[in-house]
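So this one's work27.txt, compact mmCIF, C-alpha atoms and all ligand atoms:
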# COMPACT_ATOMS: atom_id res chain seq x y z
CA MET A 1 -12.44 -34.80 -26.04
CA THR A 2 -11.02 -38.04 -24.65
CA ALA A 3 -11.93 -39.06 -21.12
CA ALA A 4 -9.14 -39.60 -18.61
CA PRO A 5 -8.15 -43.30 -18.55
CA THR A 6 -9.54 -45.31 -15.66
CA THR A 7 -8.21 -48.34 -13.79
CA ALA A 8 -10.03 -50.89 -11.69
CA ALA A 9 -9.29 -48.71 -8.67
CA GLY A 10 -11.02 -45.69 -10.23
CA PRO A 11 -9.93 -42.82 -12.46
CA ALA A 12 -6.20 -42.72 -13.11
CA ALA A 13 -4.30 -39.60 -12.17
CA THR A 14 -4.11 -37.13 -15.04
CA PRO A 15 -0.89 -35.18 -15.60
CA THR A 16 -2.61 -32.18 -13.99
CA ASP A 17 -3.62 -34.13 -10.87
CA SER A 18 -0.10 -35.34 -10.40
CA VAL A 19 1.30 -31.80 -10.05
CA ILE A 20 -1.37 -30.53 -7.66
CA ASP A 21 0.42 -29.79 -4.41
CA ILE A 22 -1.59 -28.37 -1.56
CA GLY A 23 1.26 -28.19 0.93
CA PRO A 24 2.57 -24.76 1.94
CA TRP A 25 5.03 -22.99 -0.32
CA SER A 26 8.56 -22.80 1.09
CA PRO A 27 9.26 -19.41 2.76
CA ALA A 28 11.35 -18.41 -0.28
CA ALA A 29 8.63 -19.41 -2.77
CA PHE A 30 5.96 -17.64 -0.69
CA GLU A 31 8.04 -14.46 -0.49
CA ALA A 32 8.62 -14.63 -4.26
CA ARG A 33 4.82 -14.84 -4.81
CA LEU A 34 4.26 -11.80 -2.61
CA ARG A 35 6.95 -9.81 -4.38
CA ALA A 36 5.56 -10.83 -7.79
CA VAL A 37 2.19 -9.25 -6.90
CA GLY A 38 3.98 -5.96 -6.24
CA GLU A 39 5.98 -6.21 -9.44
CA GLU A 40 2.90 -6.89 -11.54
CA ARG A 41 0.23 -4.75 -9.91
CA TYR A 42 1.81 -1.92 -7.89
CA HIS A 43 0.66 1.59 -8.76
CA ASP A 44 4.11 2.69 -9.92
CA ARG A 45 2.90 1.44 -13.34
CA HIS A 46 -0.33 3.41 -13.28
CA PRO A 47 -0.58 5.87 -16.22
CA PHE A 48 -1.00 8.79 -13.80
CA ASN A 49 2.24 7.90 -11.99
CA LEU A 50 4.03 7.40 -15.31
CA ARG A 51 2.97 10.90 -16.36
CA MET A 52 4.05 12.26 -12.98
CA HIS A 53 7.49 10.74 -13.43
CA GLU A 54 7.97 11.93 -16.99
CA GLY A 55 7.06 15.46 -15.90
CA THR A 56 3.89 16.03 -17.94
CA LEU A 57 1.34 16.63 -15.16
CA SER A 58 -0.14 20.13 -15.06
CA GLN A 59 -0.07 22.12 -11.82
CA ASP A 60 -3.79 21.45 -11.34
CA GLU A 61 -3.33 17.70 -11.81
CA LEU A 62 -0.50 17.53 -9.31
CA ARG A 63 -2.48 19.59 -6.78
CA ARG A 64 -5.48 17.30 -7.29
CA TRP A 65 -3.27 14.27 -6.57
CA ILE A 66 -1.78 15.86 -3.42
CA ALA A 67 -5.22 16.83 -2.08
CA ASN A 68 -6.72 13.40 -2.75
CA ARG A 69 -3.74 11.47 -1.47
CA PHE A 70 -4.08 13.44 1.75
CA HIS A 71 -7.32 11.54 2.30
CA TYR A 72 -5.35 8.25 2.09
CA GLN A 73 -2.56 9.55 4.36
CA ARG A 74 -4.88 10.67 7.14
CA HIS A 75 -6.56 7.25 7.22
CA ILE A 76 -3.34 5.23 7.48
CA PRO A 77 -3.11 5.67 11.30
CA VAL A 78 -6.84 4.83 11.57
CA LYS A 79 -6.33 1.48 9.84
CA ASP A 80 -3.15 0.91 11.88
CA ALA A 81 -5.15 1.43 15.08
CA LEU A 82 -7.63 -1.20 13.86
CA ILE A 83 -4.74 -3.60 13.19
CA THR A 84 -3.13 -2.86 16.58
CA ALA A 85 -6.38 -3.84 18.30
CA LYS A 86 -6.10 -7.34 16.77
CA PHE A 87 -2.74 -8.07 18.44
CA ASP A 88 -2.57 -9.88 21.76
CA THR A 89 1.04 -9.19 22.78
CA PRO A 90 2.70 -5.98 24.01
CA ALA A 91 5.62 -6.48 21.58
CA LEU A 92 3.35 -6.55 18.53
CA ARG A 93 1.24 -3.62 19.72
CA ARG A 94 4.41 -1.58 20.40
CA MET A 95 5.69 -2.33 16.92
CA TRP A 96 2.45 -1.22 15.30
CA LEU A 97 1.91 1.81 17.54
CA ARG A 98 5.17 3.21 16.23
CA ARG A 99 3.53 3.39 12.78
CA ILE A 100 0.70 5.47 14.20
CA GLN A 101 3.20 7.81 15.81
CA ASP A 102 5.16 8.08 12.54
CA HIS A 103 2.02 9.55 10.95
CA ASP A 104 0.47 11.43 13.86
CA GLY A 105 3.72 12.64 15.46
CA ALA A 106 4.40 12.82 19.19
CA ARG A 107 2.87 16.31 19.34
CA ASP A 108 1.22 18.95 17.18
CA GLY A 109 3.35 20.07 14.25
CA GLU A 110 5.15 16.71 13.84
CA GLY A 111 4.61 13.48 11.91
CA GLY A 112 3.74 12.33 8.41
CA ILE A 113 0.28 13.92 8.23
CA GLU A 114 1.79 17.28 9.12
CA ARG A 115 4.54 16.75 6.52
CA TRP A 116 1.89 15.96 3.89
CA LEU A 117 0.03 19.18 4.79
CA ARG A 118 3.31 21.05 4.26
CA LEU A 119 3.69 19.36 0.89
CA GLY A 120 0.23 20.69 0.03
CA GLU A 121 1.20 24.19 1.14
CA ALA A 122 4.46 23.98 -0.84
CA ALA A 123 2.28 23.24 -3.89
CA GLY A 124 0.02 26.23 -3.20
CA LEU A 125 -2.86 24.39 -1.51
CA ASP A 126 -4.63 25.80 1.50
CA ARG A 127 -4.19 23.79 4.74
CA GLU A 128 -7.77 24.41 5.90
CA GLU A 129 -9.15 23.27 2.56
CA LEU A 130 -7.08 20.08 2.74
CA LEU A 131 -8.27 19.43 6.28
CA SER A 132 -11.90 20.05 5.31
CA GLY A 133 -11.79 17.14 2.82
CA ALA A 134 -14.04 19.15 0.51
CA ILE A 135 -12.00 18.35 -2.60
CA VAL A 136 -11.82 14.58 -2.10
CA LEU A 137 -13.21 12.69 -5.09
CA PRO A 138 -15.94 10.03 -4.59
CA GLY A 139 -13.76 7.25 -6.03
CA VAL A 140 -10.94 8.14 -3.64
CA ARG A 141 -13.33 8.05 -0.66
CA LEU A 142 -14.49 4.59 -1.70
CA ALA A 143 -10.97 3.26 -2.25
CA VAL A 144 -9.79 4.50 1.16
CA ASP A 145 -12.96 3.22 2.88
CA GLY A 146 -12.31 -0.12 1.21
CA TYR A 147 -8.82 -0.32 2.70
CA VAL A 148 -9.85 0.80 6.20
CA ASN A 149 -12.79 -1.63 6.27
CA PHE A 150 -10.62 -4.47 4.98
CA CYS A 151 -8.27 -3.91 7.93
CA ARG A 152 -11.26 -3.61 10.28
CA LEU A 153 -12.89 -6.86 9.18
CA ARG A 154 -10.14 -9.24 8.09
CA PRO A 155 -7.79 -11.22 10.37
CA ALA A 156 -4.41 -9.78 11.36
CA LEU A 157 -2.55 -11.88 8.78
CA GLU A 158 -4.48 -10.36 5.86
CA ALA A 159 -4.49 -6.81 7.26
CA VAL A 160 -0.71 -6.94 7.73
CA ALA A 161 -0.18 -8.58 4.32
CA ALA A 162 -2.14 -5.74 2.70
CA SER A 163 0.50 -3.28 3.97
CA LEU A 164 3.17 -5.13 1.95
CA THR A 165 2.69 -2.80 -1.02
CA GLU A 166 5.27 -0.88 0.96
CA LEU A 167 7.89 -3.37 -0.21
CA SER A 168 7.75 -1.48 -3.51
CA ALA A 169 7.22 2.02 -2.04
CA PRO A 170 10.84 3.07 -1.24
CA ASP A 171 11.90 2.75 -4.91
CA LEU A 172 8.83 4.72 -5.95
CA MET A 173 9.65 7.46 -3.39
CA ARG A 174 13.12 7.88 -4.90
CA THR A 175 11.71 8.09 -8.44
CA ARG A 176 9.15 10.63 -7.22
CA ILE A 177 11.70 12.84 -5.41
CA ASP A 178 13.81 12.83 -8.56
CA ALA A 179 10.81 13.73 -10.75
CA PHE A 180 9.67 16.54 -8.45
CA GLU A 181 13.17 18.05 -8.29
CA ARG A 182 13.55 17.87 -12.04
CA HIS A 183 10.10 18.69 -13.43
CA TYR A 184 8.03 20.41 -10.76
CA ARG A 185 10.36 23.08 -9.41
CA TRP A 186 7.39 25.33 -8.67
CA ILE A 187 6.86 23.16 -5.57
CA GLU A 188 9.02 24.40 -2.69
CA PRO A 189 11.81 21.80 -2.07
CA ASP A 190 11.01 21.62 1.68
CA GLY A 191 7.66 20.13 0.71
CA LEU A 192 9.41 16.90 -0.36
CA HIS A 193 10.37 16.05 3.20
CA TYR A 194 7.45 13.60 3.47
CA PHE A 195 8.82 11.42 0.67
CA ARG A 196 12.39 11.49 2.00
CA THR A 197 11.23 10.27 5.41
CA ARG A 198 9.14 7.49 3.88
CA VAL A 199 12.14 5.89 2.12
CA THR A 200 13.55 4.68 5.48
CA GLN A 201 10.21 4.24 7.25
CA GLY A 202 8.74 2.24 4.35
CA ARG A 203 11.75 -0.07 4.20
CA ARG A 204 11.64 -0.76 7.96
CA ASP A 205 7.83 -1.17 8.06
CA SER A 206 7.69 -3.52 5.09
CA GLY A 207 10.58 -5.61 6.49
CA GLU A 208 8.76 -6.07 9.80
CA ALA A 209 5.45 -6.84 8.10
CA LEU A 210 7.07 -9.37 5.77
CA ASP A 211 8.65 -11.21 8.73
CA LEU A 212 5.25 -11.47 10.42
CA VAL A 213 3.44 -12.67 7.30
CA LEU A 214 6.12 -15.30 6.55
CA ARG A 215 5.90 -16.50 10.16
CA TRP A 216 2.09 -16.52 10.50
CA ALA A 217 1.04 -18.08 7.20
CA ARG A 218 1.61 -21.75 7.96
CA THR A 219 -0.74 -23.37 5.43
CA ARG A 220 -1.15 -22.93 1.71
CA GLU A 221 -4.59 -21.47 2.36
CA ASP A 222 -3.11 -18.80 4.68
CA GLN A 223 -0.41 -18.03 2.15
CA GLU A 224 -2.95 -17.65 -0.64
CA ARG A 225 -5.06 -15.36 1.54
CA ALA A 226 -2.00 -13.18 2.18
CA VAL A 227 -1.23 -12.99 -1.55
CA ALA A 228 -4.88 -12.08 -2.25
CA ALA A 229 -4.82 -9.38 0.46
CA LEU A 230 -1.80 -7.81 -1.18
CA GLY A 231 -3.55 -7.96 -4.56
CA PHE A 232 -6.57 -6.21 -3.01
CA LYS A 233 -4.35 -3.43 -1.67
CA CYS A 234 -2.80 -2.96 -5.12
CA ASP A 235 -6.36 -2.51 -6.41
CA VAL A 236 -7.03 0.15 -3.73
CA LEU A 237 -4.01 2.19 -4.80
CA TRP A 238 -4.83 1.69 -8.50
CA ALA A 239 -8.49 2.72 -8.04
CA LEU A 240 -7.41 5.83 -6.14
CA LEU A 241 -5.23 6.92 -9.05
CA ASP A 242 -7.94 6.03 -11.59
CA ALA A 243 -10.27 8.45 -9.80
CA VAL A 244 -7.63 11.21 -9.76
CA ASP A 245 -6.67 10.56 -13.38
CA HIS A 246 -10.25 10.65 -14.72
CA ALA A 247 -11.54 13.56 -12.64
O1 LIG B 1 3.10 7.35 -2.11
C1 LIG B 1 2.98 6.15 -2.27
O2 LIG B 1 3.03 5.63 -3.37
C2 LIG B 1 2.71 5.34 -1.08
C3 LIG B 1 2.32 4.02 -1.19
C4 LIG B 1 2.02 3.32 -0.03
C5 LIG B 1 1.68 1.92 -0.22
O3 LIG B 1 2.34 1.27 -1.04
O4 LIG B 1 0.74 1.44 0.38
C6 LIG B 1 2.10 3.96 1.21
C7 LIG B 1 2.57 5.28 1.22
N1 LIG B 1 2.86 5.95 0.11
C8 LIG B 1 2.74 5.98 2.43
O5 LIG B 1 3.18 7.14 2.41
C9 LIG B 1 2.41 5.37 3.65
O6 LIG B 1 2.57 5.98 4.70
C10 LIG B 1 1.89 4.08 3.64
C11 LIG B 1 1.41 3.27 4.66
C12 LIG B 1 0.96 2.15 4.04
C13 LIG B 1 0.28 1.01 4.63
O7 LIG B 1 -0.42 0.30 3.89
O8 LIG B 1 0.40 0.80 5.85
N2 LIG B 1 1.16 2.24 2.72
C14 LIG B 1 1.73 3.40 2.44

This structure in structure tokens:
Amino acid sequence: MTAAPTTAAGPAATPTDSVIDIGPWSPAAFEARLRAVGEERYHDRHPFNLRMHEGTLSQDELRRWIANRFHYQRHIPVKDALITAKFDTPALRRMWLRRIQDHDGARDGEGGIERWLRLGEAAGLDREELLSGAIVLPGVRLAVDGYVNFCRLRPALEAVAASLTELSAPDLMRTRIDAFERHYRWIEPDGLHYFRTRVTQGRRDSGEALDLVLRWARTREDQERAVAALGFKCDVLWALLDAVDHA
């Protein structure tokens, strides 16, 4: 190997040194990096989701997924409460509290958690069994704990960036609704209401979160942390499906 040429002033710049740029990415380049993480690592490519979409999951497999995903759903408002507590303005807290209300509803019998329970019932699962958490797999518990604790411990920028998997979620919801209507007709159609609601909610939530992340990440280091947070969240969703797939 040849050493890099030196000058009297010290080592000369190598071609690699000359392209190192530690300034922040432009907003467009930063957004492209975030979107690329979703395109490469989102769980829509997981083998379990691919099988779901092609219609080859058995009834037991689909029920196992619904029961285990319920564990994720019921923890979303918990992690959103942890994120809300990091904000120091009423406007930000109001924005994030709406997410909690989307899941918990304004009263009993409303909201995303209730709609997910109805999805479970439409698939023949017992509401009390879902609520008991008895059928949650160890790997799913760990993945969900990982996400909640990430949002508990990391700064607001990273916790909000982790939610940006939702940039890819609306497309996945449409694919899923289509697959359920076509291949899994044994599930009562009313049960799909959760997914229909999430198309609009996911688009609005991810748009708001993206605006915040683009605004808050001023340095390259912040931007890289945000990209890494989104990569971590992709791992959470992937690990959850690994556990369901290999059960
Ligand atoms: O079914 C899915 O594939 C899926 C994915 C995601 C996601 O990308 O994190 C969410 C949801 N669903 C969802 O229903 C939901 O409420 C939600 C909240 C969040 C979040 O991180 O704040 N992600 C997701």

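Taking all atoms listed in the file into account, the protein and nucleic acid residues that come at most 6 Å from ligand LIG 1 (chain B) are Ile76, Ser163, Thr165, Glu166 and Ala169 of chain A.
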
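Across A:Ala85, A:Leu57, A:Leu50, A:Leu164, the tightest approach to Gly38 of chain A is made by A:Leu164 when counting only C-alpha atoms.
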
Applying 9 Å and all atoms listed in the file, which residues near segment 131-137 of chain A remain after dropping the ones on its own chain fewer than 3 positions away? List them as a CSV table (one decimal) with C-alpha atoms, keeping the file's coordinate frame.
chain,number,residue,atom,x,y,z
A,64,ARG,CA,-5.5,17.3,-7.3
A,67,ALA,CA,-5.2,16.8,-2.1
A,68,ASN,CA,-6.7,13.4,-2.8
A,69,ARG,CA,-3.7,11.5,-1.5
A,70,PHE,CA,-4.1,13.4,1.8
A,71,HIS,CA,-7.3,11.5,2.3
A,117,LEU,CA,0.0,19.2,4.8
A,126,ASP,CA,-4.6,25.8,1.5
A,127,ARG,CA,-4.2,23.8,4.7
A,128,GLU,CA,-7.8,24.4,5.9
A,140,VAL,CA,-10.9,8.1,-3.6
A,141,ARG,CA,-13.3,8.0,-0.7
A,142,LEU,CA,-14.5,4.6,-1.7
A,243,ALA,CA,-10.3,8.4,-9.8
A,244,VAL,CA,-7.6,11.2,-9.8
A,247,ALA,CA,-11.5,13.6,-12.6

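What separates atom CA of Gly202 of chain A from atom CA of Tyr184 of chain A is a distance of 23.6 Å.
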
- Task: For Glu208 of chain A, please output as an MDAnalysis selection string all residues within 12 Å (counting only C-alpha atoms; exclusion window: fewer than 2 positions along the same chain).
- Result: chainID A and resid 92 95:96 98:99 160:161 163:164 166:167 201:206 210:215

- Message: Quick one: residues within 10 Å of Leu119 of chain A, only C-alpha atoms, excluding same-chain residues fewer than 6 positions away - as number ranges by chain?
- Response: A: 63, 66-67, 70, 113, 125, 127, 187-195

Pick out the residues sitting within 12 Å of Arg152 of chain A, and hand them over as a compact mmCIF listing (two decimals) with C-alpha atoms, in the coordinates of the input; count only C-alpha atoms, and ignore anything fewer than 4 positions along from it in its own chain.
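This went into selection.txt:
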# COMPACT_ATOMS: atom_id res chain seq x y z
CA VAL A 78 -6.84 4.83 11.57
CA LYS A 79 -6.33 1.48 9.84
CA ASP A 80 -3.15 0.91 11.88
CA ALA A 81 -5.15 1.43 15.08
CA LEU A 82 -7.63 -1.20 13.86
CA ILE A 83 -4.74 -3.60 13.19
CA THR A 84 -3.13 -2.86 16.58
CA ALA A 85 -6.38 -3.84 18.30
CA LYS A 86 -6.10 -7.34 16.77
CA ASP A 145 -12.96 3.22 2.88
CA GLY A 146 -12.31 -0.12 1.21
CA TYR A 147 -8.82 -0.32 2.70
CA VAL A 148 -9.85 0.80 6.20
CA ALA A 156 -4.41 -9.78 11.36
CA GLU A 158 -4.48 -10.36 5.86
CA ALA A 159 -4.49 -6.81 7.26
CA VAL A 160 -0.71 -6.94 7.73

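For the pair atom CA of Ala162 of chain A and atom CA of Val144 of chain A, the interatomic distance is 12.9 Å.
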
Written-out segment 31-63 of chain A (C-alpha atoms) as a compact mmCIF listing (two decimals), in the first residue's frame:
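As a result, out-v9.txt now contains:
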# COMPACT_ATOMS: atom_id res chain seq x y z
CA GLU A 31 -35.57 14.33 3.91
CA ALA A 32 -34.32 12.04 1.12
CA ARG A 33 -32.08 10.22 3.64
CA LEU A 34 -35.01 9.73 6.02
CA ARG A 35 -37.25 8.44 3.25
CA ALA A 36 -34.50 6.10 2.03
CA VAL A 37 -34.41 4.40 5.46
CA GLY A 38 -38.13 3.67 5.13
CA GLU A 39 -37.73 2.40 1.58
CA GLU A 40 -34.90 0.07 2.52
CA ARG A 41 -35.87 -1.15 5.98
CA TYR A 42 -39.62 -0.75 6.55
CA HIS A 43 -41.49 -3.89 7.58
CA ASP A 44 -43.64 -3.92 4.44
CA ARG A 45 -40.79 -6.07 3.03
CA HIS A 46 -40.76 -8.51 5.92
CA PRO A 47 -41.49 -12.11 4.77
CA PHE A 48 -44.48 -12.30 7.15
CA ASN A 49 -46.05 -9.19 5.61
CA LEU A 50 -45.31 -10.47 2.10
CA ARG A 51 -47.15 -13.69 2.95
CA MET A 52 -50.00 -11.69 4.45
CA HIS A 53 -50.35 -9.70 1.24
CA GLU A 54 -50.20 -12.68 -1.08
CA GLY A 55 -52.93 -14.37 0.97
CA THR A 56 -51.06 -17.42 2.25
CA LEU A 57 -51.30 -16.89 6.02
CA SER A 58 -53.36 -19.47 7.90
CA GLN A 59 -56.16 -18.35 10.22
CA ASP A 60 -53.97 -19.16 13.23
CA GLU A 61 -51.07 -17.10 11.87
CA LEU A 62 -53.26 -14.09 11.20
CA ARG A 63 -54.84 -14.35 14.66
